[in-house]
Amino acid sequence: MATQETVEHKYVYAFAEGNKDLKDLLGGKGANLAEMTNLGLPVPPGFTITTEACKAYLATGAEPDGLADQIAAHLASLEQAMGKRLGDPEDPLLVSVRSGAKFSMPGMMDTVLNVGLNDRSVQGLARQAGGSGEQSAPGGADRFAWDSYRRLIQMFGKTVCEVPGEEFEHALDDVKRAKGTHNDLDLDADDLRGLVDAYKKIFSKHTGREFPQEPREQLDLAIRAVFESWNAERAVLYRRQERIPAELGTAVNVVAMVFGNLGPDSGTGVAFTRDPASGAQGIYGDYLANAQGEDVVAGIRNTVPLQDLERLDKQSYDDLLGIMARLEGHYKDLCDIEFTIERGKLWMLQTRVGKRTAAAAFVIAGQLVDEGLIDLDEALHRVNGAQLAQLMFPRFRLDHEFQPVAKGIGASPGAASGKVVFTSARAVELAAEGESVILVRRETNPDDLNGMIAAQGILTSRGGKTSHAAVVARGMGKTCVSGADEIEVNVPQRRFVVAGQTVVEGDVVSVDGTTGKVYLGEVPVMPSEVVQYFEGSLDPEHVDNALVRAVHRIMSHADARRRLAVRTNADTGADAARARRFGAEGIGLCRTEHMFLGDRRELVERLILARDNAEREASLAALLPLQRADFEEIFREMDGMPVTVRLIDPPLHEFLPPLEQLAVNVAVAQERGEDVAQEEALLAAVRRMHEENPMLGLRGVRLGLVIPGLFAMQVRAIAEAAVTVTRGGAVARPEIMVPLVGAVQELETVRAEAEKIIAEVVGDSGVEVLIGTMIEVPRAALTAGQIAEAAEFFSFGTNDLTQMGWGFSRDDVEGAFFWRYLELGIFGISPFESIDRDGVGRLVRIAAEEGRAARPGLKLGVCGEHGGDPDSVHFFHEVGLDYVSCSPFRVPVARLEAGRAAVETDGSDSR
């Protein structure tokens with residue numbers, strides 16, 4: 001027991017003691033109730049039990065010392081303020097017990113209303129509610145009292161004692177059925193008194209005890225139930241989905257009850273100060289006469305529009321509008337409000353900054369700037385890249401009843417419908433005929449690139465968000481659903497089976513890359529006006545579209561504030577051109593391996609199968625003009641902007657047929673007596689190059705050192721293309737990036753050869769070529785000071801850095817066990833989606849610091865998938881990188897987040 005010298009920990013706060021900035025301690029609901037109380041708004045008296053009390057309880061399974069006494073003291077103050085005692089048989093005080101975490105978790109946590117009612121106080125409540133004459137509830141005050149009592153037993157039984165809620169519902173249905181009605185309001189006092197008896201029996205059957213009659217016991221058990229609901233399964237799942245930290249705990253709010261179910265002059269409702277769907281200004285909300293708050297969310301009766309309250313109770317309506325305006329002005333944001341009217345008296349039960357759609361977020365931010373409530377920095381803070389991404393992708397118009405037949409991973413957002421095809425060749429063929437197609441594969445590989453380009457969407461039965469299909473689709477802005485394992489894909493028979501239905505080539509399906517849902521048939525698609533704006537077809541100055549104008553205004557401010565430049569990952573002139581329209585300031589990653597596919601595959605095979613230097617040089621000579629033409633196209637599109645070209649990176653066996661397939665083909669041909677000498681030579685080469693783990697094998701810089709002339713050909717093509725473009729009047733700014741370097745000696749060897757070629761080709765053309773490396777091997781990050789001596793820039797390849805840093809095979813682990821890691825809380829999010837700051841991020845930080853210490857002018861960028869991830873962009877800003885690079889479609893997202901990062905971390909410093 002605490003002595004007089006002991007300073008007792010404060011676990012309970014009266015509403016008047018708190019404010020809106022104490023959400024960590026009082027939870028969102030408690031902090032805002034305190035704020036409204038201090039503003040002088042009509043809030044029922046009450047107190048808040050802190051999140052620290054919850055955390056202490058959950059840690060030990062018992063209430064912390066002093067909590068019971070503090071609750072008793074605040075309860076006594078509440079009783080004095082209300083002139084009533086909890087559970088008094090003559091004139092009872094009733095309270096609600098509500099959860100209130102720091103972050104809103106709608107419907108996830110528990111609430112108990114009417115605490116304090118028992119077999120004696122129900123009679124006192126009836127007398128208390130009487131005397132209202134014609135304004136009393138149907139069936140009079142007795143009906144109201146017994147209705148309140150049955151609600152308490154139902155909520156207390158379900159929430160506190162885990163009595164199955166459906167049993168109470170069945171009992172209520174039985175009473176209504178016997179009465180011949182579907183409406184709760186048709187039940188009279190006798191019906192409800194009988195229902196209370198039925199509820200008590202249900203409670204006793206499941207708990208082995210009678211319903212507790214002691215009011216303080218009811219209160220204490222309800223408070224503990226709210227604490228424990230923090231770790232309820234649905235709350236845990238919601239936190240995981242919303243990335244809410246598990247250690248926060250919930251506060252508990254104990255509030256004097258006010259009743260909206262006292263008759264037609266009473267009611268309850270919810271209101272928004274602006275439309276949370278569109279951001280439009282106006283009066284939005286719902287009202288339900290003669291009801292308690294839970295009735296609105298439970299949907300047991302149809303609400304009426306909030307505007308109808310003006311007709312039903314003009315005074316309360318006017319008071320509510322005045323309070324709404326005051327709250328929005330005070331919070332400087334859209335407010336979500338819950339209220340109750342008790343016999344013509346308006347009470348405010350809750351307010352919070354309201355959730356809104358992505359479109360409304362931008363529109364409201366712009367409106368509040370116009371109204372002088374916030375500045376543009378704050379407007380930028382209130383939107384985010386995830387919302388912008390939602391606005392950029394087309395979406396399905398689900399006006400009709402479309403039921404998904406499968407659900408996978410929403411790997412690349414968007415909505416697409418088309419005819420099912422199972423091969424890239426067929427996708428290209430049908431697309432050339434003007435057909436929309438969906439490419440369906442078990443999983444894709446680099447050979448599928450043409451088909452992926454031709455398709456409107458990609459659907460795979462394997463893989464995750466960082467599978468080949470997902471990464472390439474995002475890079476192209478293509479809709480993709482991956483890992484839809486309910487689908488059995490049979491490529492040889494050109495069909496797939498799902499939910500007992502067979503879909504053959506040519507049938508139409510629709511895929512939603514945001515939700516991961518797959519539909520049979522064509523679902524109508526709505527285009528994104530935001531993409532039309534970014535592509536230049538919508539002029540924000542002349543279009544009557546509040547969303548487009550808001551996006552333009554906020555994006556312009558983000559560009560003015562950001563320090564990070566934003567480049568794009570692009571391998572073709574078309575991708576480069578689109579990225580420039582989206583605001584890219586250069587190319588941070590041009591992958592040359594994609595240039596070796598399609599019609600050029602035969603030349604690559606010749607290079608691999610070369611028996612001597614002459615054959616190898618002939619193959620390289622044939623590839624040189626093709627590579628040069630590729631680079632000329634890209635340099636012209638990016639006129640004046642830097643272009644980082646990565647020398648060939650993946651293992652060469654990726655450009656050859658799969659070993660198993662090739663072996664079968666050769667065996668079958670031999671059995672038929674066909675001449676297979678060329679195929680046998682190819683098979684021998686594939687077997688010779690086969691690796692158990694090719695991602696850790698002969699690839700990147702190792703290829704350039706092992707295959708003479710390969711990197712030299714690429715360097716020459718880059719330099720010659722730059723000179724040709726420059727002499728043609730444009731400005732080429734090439735940067736050559738050597739991949740997979742782990743030791744400075746590797747880079748020095750490649751650099752020495754490259755410098756000779758560049759000096760020979762460039763001459764007096766004025767072209768400058770930078771040479772740098774990709775930091776994607778942990779050893780490179782840890783020896784960055786050495787490597788910087790030979791590199792003019794670093795570009796962090798965070799995909800491979802994550803793969804090697806964690807020891808994960810990117811292509812295998814997501815489907816194998818990531819789901820379990822997320823479930824257990826080992827991951828809050830996949831480290832391939834958002835940078836692992838503590839591990840992989842530390843490698844980036846070390847390399848950045850040591851690299852710049854060795855070479856102060858070292859240019860630093862990132863070109864992995866994380867370059868377009870909102871959270872990761874903030875990290876790269878903090879670390880001091882010069883730019884991020886991402887797929888063209890994610891360039892606006894990166895621009896926005898770079899601006900937000902500058903505002904949030906650099907204060908008033910401008911770009």
# chains A, B, ... in the order shown; residues from 1 in each chain; ligands from 1

call {"tool": "residues_around", "arguments": {"residues": "Leu398 (chain A)", "least_positions_apart": "3", "cutoff": "12 Å", "atoms": "only C-alpha atoms", "output": "list in words"}}
result
Arg395, Glu401, Phe402, Gln403, Pro404, Ala415, Ser510, Asp512, Tyr519, Glu522, Val523, Pro524, Val525 and Met526 of chain A

call {"tool": "residues_around", "arguments": {"residues": "region 628-637 of chain A", "least_positions_apart": "5", "cutoff": "6 Å", "atoms": "only C-alpha atoms", "output": "list of chain:residue names"}}
result
A:Gly573, A:Ala577, A:Ala717, A:Ala721, A:Ala732

call {"tool": "closest_atom_pairs", "arguments": {"of": "region 657-708 of chain A", "to": "region 611-620 of chain A", "cutoff": "12 Å", "atoms": "only C-alpha atoms", "output": "tab-separated table"}}
result
residue	atom	partner	partner_atom	distance
A:Ala681	CA	A:Arg611	CA	10.5
A:Leu682	CA	A:Arg611	CA	11.9
A:Ala685	CA	A:Arg611	CA	10.8
A:Ile707	CA	A:Arg616	CA	9.0
A:Pro708	CA	A:Arg616	CA	8.5

call {"tool": "select_by_dssp", "arguments": {"residues": "region 124-267 of chain A", "states": "alpha helix (DSSP H)", "output": "JSON, numbers by chain"}}
result
{"A": [124, 125, 126, 127, 128, 129, 140, 141, 142, 143, 144, 145, 146, 147, 148, 149, 150, 151, 152, 153, 154, 155, 156, 157, 158, 159, 160, 161, 165, 166, 167, 168, 169, 170, 171, 172, 173, 174, 175, 176, 177, 178, 179, 189, 190, 191, 192, 193, 194, 195, 196, 197, 198, 199, 200, 201, 202, 203, 204, 205, 206, 207, 215, 216, 217, 218, 219, 220, 221, 222, 223, 224, 225, 226, 227, 228, 229, 233, 234, 235, 236, 237, 238, 239, 240, 241, 242]}

call {"tool": "closest_residue", "arguments": {"among": "A:Gly157, A:Pro264, A:Pro625, A:Pro650", "to": "Arg716 (chain A)", "atoms": "only C-alpha atoms"}}
result
A:Pro625
